[in-house]
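For reference, upload-v8.cif (mmCIF, C-alpha atoms and all ligand atoms):
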```cif
data_my_file
#
loop_
_atom_site.label_atom_id
_atom_site.label_comp_id
_atom_site.auth_asym_id
_atom_site.auth_seq_id
_atom_site.Cartn_x
_atom_site.Cartn_y
_atom_site.Cartn_z
CA MET A 16 -14.29 8.95 31.21
CA ILE A 17 -11.34 6.81 32.25
CA PRO A 18 -9.10 5.41 29.47
CA SER A 19 -8.28 2.17 31.29
CA ASP A 20 -12.03 1.45 31.80
CA ILE A 21 -12.58 1.65 28.05
CA ILE A 22 -9.56 -0.57 27.39
CA ALA A 23 -10.79 -3.10 29.97
CA LYS A 24 -14.28 -3.11 28.44
CA LYS A 25 -12.85 -4.04 25.03
CA ARG A 26 -10.37 -6.48 26.56
CA ASN A 27 -13.28 -8.26 28.27
CA GLY A 28 -15.16 -8.62 24.99
CA TYR A 29 -17.86 -5.95 25.41
CA GLU A 30 -19.00 -3.56 22.70
CA LEU A 31 -17.72 0.01 23.04
CA SER A 32 -20.33 2.74 22.75
CA SER A 33 -19.99 5.48 20.12
CA ASN A 34 -19.15 7.86 22.95
CA ASP A 35 -16.38 5.60 24.26
CA LEU A 36 -14.71 5.31 20.87
CA SER A 37 -15.17 8.95 19.82
CA TRP A 38 -13.77 10.17 23.11
CA PHE A 39 -10.83 7.77 22.98
CA ILE A 40 -9.81 8.85 19.45
CA LYS A 41 -10.23 12.58 20.19
CA LYS A 42 -8.27 12.38 23.41
CA TYR A 43 -5.53 10.35 21.70
CA LEU A 44 -5.09 13.11 19.14
CA GLU A 45 -4.97 15.67 21.97
CA GLU A 46 -2.27 13.51 23.59
CA TYR A 47 -4.35 13.07 26.76
CA ILE A 48 -4.44 9.35 25.95
CA SER A 49 -0.94 7.93 25.76
CA GLU A 50 0.64 5.78 23.07
CA ALA A 51 0.66 2.92 25.60
CA GLN A 52 -3.09 3.22 26.16
CA MET A 53 -3.85 3.35 22.44
CA SER A 54 -1.56 0.33 21.91
CA ALA A 55 -3.50 -1.59 24.56
CA LEU A 56 -6.82 -0.75 22.94
CA LEU A 57 -5.51 -1.79 19.52
CA MET A 58 -4.35 -5.12 20.96
CA ALA A 59 -7.75 -5.66 22.61
CA ILE A 60 -9.39 -4.98 19.23
CA TYR A 61 -6.90 -7.30 17.55
CA PHE A 62 -8.00 -10.16 19.81
CA ASN A 63 -11.71 -9.39 20.17
CA GLY A 64 -12.58 -7.81 16.81
CA MET A 65 -15.18 -5.08 16.45
CA THR A 66 -18.91 -5.04 15.91
CA GLU A 67 -20.17 -3.34 12.76
CA LYS A 68 -21.51 -0.51 14.92
CA GLU A 69 -18.07 0.04 16.45
CA LEU A 70 -16.48 -0.06 12.99
CA VAL A 71 -18.85 2.59 11.63
CA THR A 72 -18.01 4.85 14.58
CA LEU A 73 -14.28 4.29 14.14
CA VAL A 74 -14.42 5.13 10.42
CA ARG A 75 -16.47 8.27 11.15
CA GLU A 76 -14.07 9.44 13.87
CA MET A 77 -11.03 8.84 11.66
CA ILE A 78 -12.63 10.86 8.85
CA ASN A 79 -13.74 13.65 11.19
CA SER A 80 -10.28 13.89 12.73
CA GLY A 81 -9.28 15.85 9.60
CA GLN A 82 -10.80 17.49 6.56
CA VAL A 83 -12.77 15.98 3.70
CA ILE A 84 -11.91 17.06 0.17
CA ASN A 85 -14.66 18.52 -1.98
CA PHE A 86 -13.99 18.52 -5.67
CA LYS A 87 -15.69 21.02 -7.97
CA LYS A 88 -18.91 19.60 -9.39
CA SER A 89 -18.09 18.22 -12.83
CA SER A 90 -18.88 15.24 -14.99
CA ILE A 91 -15.37 13.82 -14.56
CA TYR A 92 -15.32 10.57 -12.59
CA ILE A 93 -13.18 10.77 -9.44
CA ALA A 94 -11.95 7.47 -8.08
CA ASP A 95 -9.13 5.66 -6.38
CA LYS A 96 -7.53 2.29 -5.80
CA HIS A 97 -6.10 0.91 -2.57
CA SER A 98 -4.25 -2.27 -1.72
CA THR A 99 -4.17 -4.11 1.58
CA GLY A 100 -0.40 -4.37 1.13
CA GLY A 101 2.16 -6.74 -0.24
CA VAL A 102 5.75 -7.22 -1.35
CA GLY A 103 6.79 -5.56 -4.62
CA ASP A 104 3.32 -4.04 -4.98
CA LYS A 105 3.78 -0.91 -7.07
CA THR A 106 0.45 -0.95 -8.89
CA SER A 107 -0.67 2.40 -7.38
CA ILE A 108 2.25 4.13 -9.08
CA LEU A 109 1.16 2.67 -12.43
CA LEU A 110 -2.57 3.01 -12.00
CA ALA A 111 -2.75 6.71 -11.09
CA PRO A 112 -1.18 8.07 -14.32
CA ILE A 113 -2.85 5.41 -16.51
CA MET A 114 -6.28 6.33 -15.17
CA ALA A 115 -5.55 10.06 -15.45
CA ALA A 116 -4.64 9.48 -19.10
CA ALA A 117 -8.02 7.75 -19.51
CA GLY A 118 -9.80 10.84 -18.14
CA ILE A 119 -10.48 9.58 -14.59
CA ARG A 120 -9.28 11.73 -11.70
CA ILE A 121 -7.23 9.94 -9.05
CA PRO A 122 -6.63 11.83 -5.79
CA MET A 123 -4.61 9.11 -4.09
CA ILE A 124 -3.66 9.11 -0.41
CA ALA A 125 -1.18 6.29 0.12
CA GLY A 126 0.73 4.86 3.05
CA ARG A 127 4.21 4.09 4.25
CA SER A 128 5.57 0.60 4.85
CA LEU A 129 3.49 -1.40 7.31
CA GLU A 130 5.30 -4.30 9.00
CA TYR A 131 6.93 -6.25 6.14
CA THR A 132 4.92 -4.70 3.29
CA GLY A 133 6.25 -1.84 1.19
CA GLY A 134 4.85 1.70 1.29
CA THR A 135 3.99 3.66 -1.86
CA ILE A 136 5.01 6.91 -0.17
CA ASP A 137 8.42 5.56 0.89
CA LYS A 138 9.03 4.43 -2.68
CA LEU A 139 7.99 7.79 -4.18
CA GLU A 140 10.31 9.59 -1.78
CA ALA A 141 13.23 7.99 -3.63
CA ILE A 142 12.53 10.68 -6.27
CA PRO A 143 14.52 13.76 -5.23
CA GLY A 144 12.41 16.79 -4.29
CA ILE A 145 9.04 15.06 -4.43
CA ASN A 146 6.34 16.66 -2.29
CA VAL A 147 3.98 14.12 -0.73
CA THR A 148 2.64 16.44 1.96
CA PRO A 149 1.16 19.42 0.11
CA SER A 150 -1.66 21.60 1.42
CA LEU A 151 -5.07 20.22 0.54
CA ASN A 152 -5.68 23.06 -1.90
CA LYS A 153 -2.47 22.25 -3.71
CA PHE A 154 -3.37 18.55 -3.81
CA LYS A 155 -6.78 19.39 -5.27
CA SER A 156 -5.30 21.69 -7.87
CA TRP A 157 -2.78 19.02 -8.96
CA VAL A 158 -5.60 16.51 -9.40
CA GLU A 159 -7.83 19.02 -11.19
CA ASN A 160 -5.02 20.14 -13.50
CA ILE A 161 -3.46 16.89 -14.63
CA GLY A 162 -5.79 14.22 -13.26
CA CYS A 163 -3.74 12.53 -10.53
CA ALA A 164 -1.48 12.98 -7.54
CA ILE A 165 -0.23 10.63 -4.83
CA ILE A 166 0.24 12.04 -1.36
CA SER A 167 0.63 10.80 2.20
CA GLN A 168 -1.77 10.87 5.14
CA SER A 169 -1.11 14.06 7.05
CA LYS A 170 -2.33 16.39 9.76
CA ASP A 171 -5.02 17.60 7.32
CA ILE A 172 -6.46 14.28 6.19
CA CYS A 173 -7.26 11.52 8.65
CA PRO A 174 -4.64 12.48 11.24
CA ALA A 175 -6.07 9.76 13.48
CA ASP A 176 -5.16 7.13 10.90
CA ASN A 177 -1.75 8.76 10.43
CA LYS A 178 -0.95 8.36 14.13
CA ILE A 179 -2.56 4.97 14.65
CA TYR A 180 -0.96 3.58 11.46
CA ALA A 181 2.54 4.31 12.80
CA LEU A 182 1.65 2.82 16.18
CA ARG A 183 0.20 -0.38 14.68
CA ASN A 184 3.46 -0.85 12.86
CA GLN A 185 5.35 -0.96 16.16
CA THR A 186 2.90 -3.03 18.18
CA ALA A 187 2.11 -6.09 16.00
CA THR A 188 -1.51 -4.95 15.64
CA VAL A 189 -1.58 -4.45 11.88
CA PRO A 190 -3.43 -7.63 10.80
CA SER A 191 -6.77 -6.78 12.41
CA ILE A 192 -9.52 -6.86 9.80
CA PRO A 193 -11.71 -4.04 11.23
CA ILE A 194 -8.69 -1.81 11.81
CA ILE A 195 -7.42 -2.41 8.26
CA CYS A 196 -10.92 -1.58 7.00
CA SER A 197 -11.18 1.65 9.00
CA SER A 198 -7.66 2.74 8.07
CA ILE A 199 -8.34 2.30 4.36
CA MET A 200 -11.92 3.52 4.16
CA SER A 201 -11.41 6.66 6.25
CA LYS A 202 -8.66 7.87 3.89
CA LYS A 203 -10.59 6.95 0.78
CA ILE A 204 -13.80 8.66 1.88
CA ALA A 205 -11.88 11.79 2.92
CA GLU A 206 -10.52 12.00 -0.64
CA GLY A 207 -13.97 12.98 -1.91
CA ILE A 208 -14.06 10.17 -4.48
CA MET A 209 -17.08 8.58 -6.20
CA GLY A 210 -15.66 5.11 -6.73
CA LEU A 211 -13.02 2.79 -5.38
CA VAL A 212 -11.32 -0.40 -6.45
CA MET A 213 -9.82 -2.46 -3.64
CA ASP A 214 -6.97 -4.87 -4.21
CA ILE A 215 -7.15 -7.45 -1.43
CA LYS A 216 -3.85 -9.29 -1.45
CA VAL A 217 -4.16 -12.84 -0.20
CA GLY A 218 -1.30 -15.20 0.59
CA ASN A 219 1.82 -15.77 2.60
CA GLY A 220 3.14 -12.25 1.86
CA ALA A 221 -0.10 -10.44 2.77
CA PHE A 222 -1.82 -9.51 6.04
CA ILE A 223 -4.80 -11.47 4.79
CA LYS A 224 -3.58 -15.05 4.63
CA THR A 225 -6.79 -16.85 3.71
CA LYS A 226 -9.70 -16.43 1.28
CA ASN A 227 -12.04 -16.60 4.24
CA ASP A 228 -10.46 -13.54 5.87
CA ALA A 229 -10.44 -11.79 2.49
CA PHE A 230 -14.20 -12.30 2.26
CA LYS A 231 -14.67 -10.99 5.81
CA LEU A 232 -12.70 -7.86 4.95
CA SER A 233 -14.53 -7.30 1.68
CA HIS A 234 -17.89 -7.58 3.48
CA LEU A 235 -16.82 -4.76 5.82
CA LEU A 236 -15.34 -2.64 3.04
CA GLU A 237 -18.55 -2.93 1.03
CA LYS A 238 -20.68 -2.09 4.04
CA VAL A 239 -18.74 1.10 4.74
CA ALA A 240 -18.57 2.05 1.03
CA ILE A 241 -22.33 1.68 0.63
CA SER A 242 -23.04 3.73 3.73
CA TYR A 243 -21.00 6.60 2.23
CA GLY A 244 -22.52 6.24 -1.27
CA LEU A 245 -19.26 5.04 -2.79
CA LYS A 246 -19.12 2.59 -5.71
CA ILE A 247 -16.73 -0.25 -4.89
CA ASP A 248 -15.19 -3.19 -6.72
CA ILE A 249 -13.01 -5.76 -5.04
CA VAL A 250 -10.18 -7.66 -6.69
CA TYR A 251 -8.50 -10.57 -4.89
CA SER A 252 -4.92 -11.04 -5.95
CA ASP A 253 -2.30 -13.61 -5.15
CA MET A 254 0.53 -12.61 -2.80
CA ASN A 255 2.31 -15.95 -2.50
CA GLN A 256 5.30 -14.41 -4.30
CA PRO A 257 6.56 -10.86 -4.72
CA LEU A 258 4.82 -8.87 -7.44
CA GLY A 259 6.94 -7.95 -10.45
CA ARG A 260 10.70 -8.17 -10.88
CA TYR A 261 11.83 -5.96 -8.00
CA ALA A 262 10.93 -5.06 -4.43
CA GLY A 263 12.50 -2.19 -2.53
CA LEU A 264 12.44 1.59 -2.84
CA GLY A 265 14.00 3.36 -5.85
CA CYS A 266 14.13 0.09 -7.81
CA GLU A 267 10.33 -0.17 -7.66
CA ILE A 268 9.94 3.33 -9.11
CA LYS A 269 12.38 2.37 -11.85
CA GLU A 270 10.37 -0.78 -12.51
CA ALA A 271 7.14 1.25 -12.57
CA ILE A 272 8.69 3.54 -15.21
CA ASP A 273 9.63 0.49 -17.31
CA CYS A 274 6.04 -0.76 -17.04
CA LEU A 275 4.58 2.60 -18.04
CA LYS A 276 6.87 2.50 -21.08
CA GLY A 277 5.54 -0.92 -22.04
CA ASN A 278 8.19 -3.20 -20.54
CA GLY A 279 6.39 -4.55 -17.49
CA SER A 280 6.39 -8.11 -16.20
CA ARG A 281 3.28 -10.15 -16.89
CA ASP A 282 2.08 -10.54 -13.28
CA LEU A 283 2.39 -6.85 -12.50
CA MET A 284 0.72 -5.69 -15.71
CA ASP A 285 -2.12 -8.20 -15.29
CA ASN A 286 -2.77 -7.01 -11.72
CA THR A 287 -2.67 -3.36 -12.77
CA PHE A 288 -5.02 -4.04 -15.66
CA GLU A 289 -7.57 -5.85 -13.45
CA LEU A 290 -7.75 -2.82 -11.20
CA CYS A 291 -7.84 -0.26 -14.03
CA SER A 292 -10.53 -2.26 -15.77
CA CYS A 293 -12.85 -1.97 -12.74
CA LEU A 294 -12.43 1.80 -12.67
CA LEU A 295 -12.90 2.19 -16.44
CA ILE A 296 -16.16 0.24 -16.20
CA GLN A 297 -17.30 2.13 -13.07
CA ALA A 298 -16.62 5.43 -14.86
CA GLY A 299 -18.57 4.33 -17.94
CA LYS A 300 -15.44 4.58 -20.12
CA ALA A 301 -15.64 0.89 -21.06
CA LYS A 302 -18.57 -1.49 -21.16
CA ASP A 303 -16.57 -4.64 -20.42
CA LYS A 304 -13.10 -6.07 -19.88
CA GLN A 305 -12.33 -6.33 -23.57
CA GLU A 306 -13.06 -2.66 -24.15
CA SER A 307 -11.08 -1.66 -21.07
CA LYS A 308 -8.12 -3.75 -22.29
CA GLU A 309 -8.09 -1.81 -25.55
CA ILE A 310 -8.08 1.49 -23.67
CA PHE A 311 -5.39 0.28 -21.23
CA ASP A 312 -3.08 -1.04 -23.96
CA LYS A 313 -3.48 2.09 -26.07
CA ILE A 314 -2.57 4.38 -23.18
CA ILE A 315 0.67 2.47 -22.70
CA GLU A 316 1.52 1.98 -26.37
CA THR A 317 1.04 5.65 -27.25
CA GLY A 318 3.33 6.79 -24.44
CA LYS A 319 0.47 8.54 -22.60
CA ALA A 320 0.98 6.49 -19.44
CA PHE A 321 4.58 7.62 -19.04
CA GLU A 322 3.68 11.17 -20.10
CA PHE A 323 1.09 11.43 -17.30
CA PHE A 324 3.52 9.91 -14.81
CA GLN A 325 6.10 12.57 -15.74
CA LYS A 326 3.47 15.29 -15.35
CA MET A 327 2.42 13.92 -11.96
CA ILE A 328 6.00 13.82 -10.67
CA PHE A 329 6.81 17.25 -12.12
CA ASN A 330 3.69 18.76 -10.47
CA GLN A 331 4.81 17.27 -7.17
CA ASN A 332 8.26 18.90 -7.57
CA GLY A 333 10.00 15.56 -8.15
CA CYS A 334 13.16 15.51 -10.28
CA LEU A 335 13.31 12.45 -12.53
CA LYS A 336 16.65 13.50 -14.05
CA GLN A 337 18.40 13.17 -10.70
CA PHE A 338 16.46 10.07 -9.70
CA GLU A 339 18.43 7.32 -11.49
CA LYS A 340 21.77 8.63 -10.15
CA ASN A 341 20.38 8.76 -6.63
CA ILE A 342 19.37 5.13 -6.47
CA ILE A 343 22.63 3.50 -7.50
CA PRO A 344 23.52 1.08 -4.68
CA LYS A 345 27.08 0.73 -3.38
CA PHE A 346 26.88 -2.99 -2.67
CA GLU A 347 25.22 -6.03 -4.16
CA LYS A 348 25.20 -9.78 -3.74
CA ILE A 349 23.78 -12.65 -5.74
CA ILE A 350 21.97 -15.36 -3.75
CA ARG A 351 22.17 -18.75 -5.45
CA SER A 352 20.17 -21.94 -5.20
CA HIS A 353 21.77 -24.76 -3.23
CA LYS A 354 19.62 -27.40 -4.95
CA ASP A 355 18.31 -28.56 -8.33
CA GLY A 356 14.54 -28.75 -8.69
CA THR A 357 11.24 -26.89 -8.97
CA ILE A 358 10.41 -23.95 -6.72
CA ILE A 359 7.29 -24.92 -4.80
CA PHE A 360 7.17 -22.13 -2.19
CA MET A 361 8.43 -18.60 -1.64
CA ASP A 362 8.26 -17.25 1.90
CA THR A 363 7.06 -13.83 0.80
CA GLU A 364 6.57 -12.46 4.32
CA LYS A 365 10.17 -13.33 5.14
CA ILE A 366 11.30 -11.69 1.89
CA GLY A 367 9.35 -8.61 3.07
CA TRP A 368 11.11 -8.64 6.47
CA SER A 369 14.44 -9.03 4.64
CA LEU A 370 13.63 -5.84 2.75
CA ILE A 371 13.01 -4.03 6.02
CA GLU A 372 16.37 -5.31 7.31
CA LEU A 373 17.99 -4.11 4.07
CA GLY A 374 16.80 -0.53 4.67
CA CYS A 375 13.43 -0.31 2.89
CA GLY A 376 11.16 0.15 5.92
CA ASN A 377 10.94 1.28 9.50
CA LYS A 378 12.07 -1.04 12.27
CA LYS A 379 11.82 1.77 14.78
CA LYS A 380 9.66 4.88 14.56
CA LEU A 381 11.83 7.07 12.35
CA ASP A 382 14.48 4.96 10.68
CA LYS A 383 16.22 6.60 7.76
CA LEU A 384 15.40 4.56 4.69
CA ASP A 385 17.92 3.56 2.03
CA ASN A 386 16.52 4.57 -1.36
CA THR A 387 19.12 2.43 -3.14
CA ALA A 388 18.00 -0.79 -1.40
CA GLY A 389 16.06 -3.62 -2.97
CA ILE A 390 15.92 -7.14 -4.32
CA GLU A 391 15.73 -8.33 -7.91
CA PHE A 392 13.89 -11.63 -8.32
CA PHE A 393 15.19 -14.06 -10.93
CA VAL A 394 12.68 -16.81 -10.13
CA LYS A 395 9.05 -17.38 -9.14
CA PRO A 396 7.16 -20.46 -7.85
CA GLY A 397 6.90 -23.12 -10.56
CA ASP A 398 10.30 -22.29 -12.07
CA ILE A 399 12.85 -25.08 -12.50
CA ILE A 400 16.29 -24.17 -11.17
CA LYS A 401 19.76 -25.68 -11.03
CA LYS A 402 22.09 -25.77 -8.04
CA GLY A 403 24.16 -22.57 -8.16
CA SER A 404 21.77 -20.65 -10.38
CA PRO A 405 20.90 -17.11 -9.24
CA ILE A 406 17.70 -16.62 -7.25
CA TYR A 407 17.99 -13.04 -6.03
CA ARG A 408 20.21 -10.00 -6.49
CA VAL A 409 20.25 -8.01 -3.25
CA PHE A 410 21.57 -4.44 -3.20
CA ASN A 411 21.87 -1.42 -0.91
CA THR A 412 24.38 1.05 0.51
CA ASN A 413 25.14 -0.58 3.86
CA SER A 414 27.31 -3.69 3.68
CA LYS A 415 26.42 -4.89 7.20
CA LYS A 416 22.72 -4.83 6.41
CA LEU A 417 23.38 -6.48 3.06
CA ASP A 418 25.10 -9.39 4.84
CA SER A 419 22.36 -9.83 7.46
CA THR A 420 19.66 -9.66 4.77
CA SER A 421 21.44 -12.24 2.64
CA GLU A 422 21.38 -14.63 5.63
CA LEU A 423 17.65 -14.08 6.06
CA LEU A 424 16.98 -14.69 2.40
CA LEU A 425 18.77 -18.03 2.27
CA ASP A 426 15.80 -20.13 3.36
CA THR A 427 12.98 -18.18 1.70
CA ILE A 428 12.65 -20.69 -1.12
CA ARG A 429 11.55 -24.32 -1.02
CA VAL A 430 12.67 -26.51 -3.89
CA ASN A 431 11.34 -29.99 -4.73
CA LYS A 432 13.25 -32.56 -6.76
N1 LIG B 501 -3.40 0.14 3.81
C1 LIG B 501 -3.85 1.02 4.74
O1 LIG B 501 -4.02 2.21 4.45
N2 LIG B 501 -4.11 0.57 5.96
C2 LIG B 501 -3.96 -0.70 6.31
O2 LIG B 501 -4.21 -1.03 7.44
C3 LIG B 501 -3.48 -1.63 5.36
C4 LIG B 501 -3.20 -1.17 4.10
#
```

Spit out the file's structure as structure tokens when you get a sec.
Amino acid sequence: MIPSDIIAKKRNGYELSSNDLSWFIKKYLEEYISEAQMSALLMAIYFNGMTEKELVTLVREMINSGQVINFKKSSIYIADKHSTGGVGDKTSILLAPIMAAAGIRIPMIAGRSLEYTGGTIDKLEAIPGINVTPSLNKFKSWVENIGCAIISQSKDICPADNKIYALRNQTATVPSIPIICSSIMSKKIAEGIMGLVMDIKVGNGAFIKTKNDAFKLSHLLEKVAISYGLKIDIVYSDMNQPLGRYAGLGCEIKEAIDCLKGNGSRDLMDNTFELCSCLLIQAGKAKDKQESKEIFDKIIETGKAFEFFQKMIFNQNGCLKQFEKNIIPKFEKIIRSHKDGTIIFMDTEKIGWSLIELGCGNKKKLDKLDNTAGIEFFVKPGDIIKKGSPIYRVFNTNSKKLDSTSELLLDTIRVNK
């Protein structure tokens, strides 16, 4: 087979055979196919989409590129949640310990930042010592012992996604619906779970900008889930403003801890509850939303949520004592409104890119991230503000980047008289 023939076939709008796709993925992992050739294929898929047959092959090849976890047979429900990505989205870090406290096992494989969206793994790595790349046996034992763990894609699980994920980030090929679907579903199926709740973020700070595209993606996700015997629920959530009070790295972990202790912002807690509720109902722990709300609230009020979070971090070698000291930024700046009025729009994608500029994500392949970097949001759409009142607090440990980010943030808010 000739790589450029396969690329040309997709570029010209033809369907790739199972053999074409399987061979391409295998040879990419063997480094016979170059990064340039894979980038070209991704771009051809970005423009021409994929048929359902191609998607099924891609998912299968991504799964088969690594191992699939097999949990011991037991009556405990094993499930996971995944988000299509947003700004300030830290719900995974809340959901895993809350669900473990409810008796549902969560073996979560999460990602790093993609384009302007934050990565759960990057945020967790702000905790000193944390291990997000354990052996699969260790990962399984963590989940079996305390009920949850959050790790990264690796050479063991879906290495094809691991490699393609990083490449998509550099080649403007992230927002392709079939590729998003294959990236998510391959990891989730490899986890050996029984059920999944998907959080499809829709809005100006998400890869999925319209309801129509959200429905297209959910159709594909459901199709793949059904073909692997996985229960699936889909939640659509608004990403026309950052989620919660902070976006960044260490500051999002700190915010997650506050939430687990019962001091979360309304939007973040509502989103987390919606997702937890689906899993509680799937697992048969609650018959409806009202019952799941009682379980959810009790887990937080009794301190169980934070207790399970501590156990999860401890198991993964993370040191929470050191954490707060390690995320103190050297510099900060307050961005103020230059107008009186009502906020009618937040450019959430631009806020996301500002966070990357600040040090929270990769611009090149292996940028060193700044765990102290982030933004605190004082306002949301609908709020009435006065000229000179604070909109954002921006912080990090690199004054040059702080200045360039502050410039970018200036026109991320539209205010109407
Ligand atoms: N999460 C993933 O794992 N992959 C995507 O493509 C988007 C979000």

Among A:Gly218, A:Gly81, A:Gly389, A:Gly134, Ser107 of chain A is approached most closely, using all atoms listed in the file, by A:Gly134

Pick out the residues sitting within 9 Å of Asn341 of chain A, and hand them over as a ChimeraX atom specification; count all atoms listed in the file, and ignore anything fewer than 5 positions along from it in its own chain. /A:141-143,265,386-387

Tell me, as a ChimeraX atom specification, which residues lie within 10 Å of segment 314-323 of chain A, counting all atoms listed in the file; anything in the same chain fewer than 5 positions away does not count. /A:109-117,161-163,271-278,308-309,328-329

As a check of understanding: the span from atom CA of Asn413 of chain A to atom CA of Ile343 of chain A is 12.3 Å

Please write out the residues within 9 Å of ligand LIG 501 (chain B) as a compact mmCIF listing (two decimals) with C-alpha atoms, keeping the file's coordinate frame, counting all atoms listed in the file.
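And here's part_33.txt as it stands now:
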```
# COMPACT_ATOMS: atom_id res chain seq x y z
CA HIS A 97 -6.10 0.91 -2.57
CA SER A 98 -4.25 -2.27 -1.72
CA THR A 99 -4.17 -4.11 1.58
CA GLY A 100 -0.40 -4.37 1.13
CA GLY A 101 2.16 -6.74 -0.24
CA ILE A 124 -3.66 9.11 -0.41
CA ALA A 125 -1.18 6.29 0.12
CA GLY A 126 0.73 4.86 3.05
CA ARG A 127 4.21 4.09 4.25
CA SER A 128 5.57 0.60 4.85
CA LEU A 129 3.49 -1.40 7.31
CA THR A 132 4.92 -4.70 3.29
CA GLY A 134 4.85 1.70 1.29
CA GLN A 168 -1.77 10.87 5.14
CA ASP A 176 -5.16 7.13 10.90
CA TYR A 180 -0.96 3.58 11.46
CA ARG A 183 0.20 -0.38 14.68
CA VAL A 189 -1.58 -4.45 11.88
CA PRO A 190 -3.43 -7.63 10.80
CA SER A 191 -6.77 -6.78 12.41
CA ILE A 192 -9.52 -6.86 9.80
CA PRO A 193 -11.71 -4.04 11.23
CA ILE A 194 -8.69 -1.81 11.81
CA ILE A 195 -7.42 -2.41 8.26
CA CYS A 196 -10.92 -1.58 7.00
CA SER A 197 -11.18 1.65 9.00
CA SER A 198 -7.66 2.74 8.07
CA ILE A 199 -8.34 2.30 4.36
CA MET A 200 -11.92 3.52 4.16
CA SER A 201 -11.41 6.66 6.25
CA LYS A 202 -8.66 7.87 3.89
CA LYS A 203 -10.59 6.95 0.78
CA PHE A 222 -1.82 -9.51 6.04
```

>> Taking 5 positions as the minimum chain separation for residues in the same chain, which residues sit within 10 Å of Lys155 of chain A when counting only C-alpha atoms? Answer as a PyMOL selection string.
In response: chain A and resi 84-87+122+149-150+160+162-164+206

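Distance check against Asp285 of chain A using only C-alpha atoms: of A:Ile358, A:Ala59, A:Val394, A:Thr106, the minimum falls on A:Thr106.
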
A straight line from atom CA of Ser156 of chain A to atom CA of Ser169 of chain A spans 17.3 Å

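Closest approach to Thr287 of chain A from the set A:Glu130, A:Asp214, A:Glu237, A:Glu270 is made by A:Asp214, with distances taken over only C-alpha atoms.
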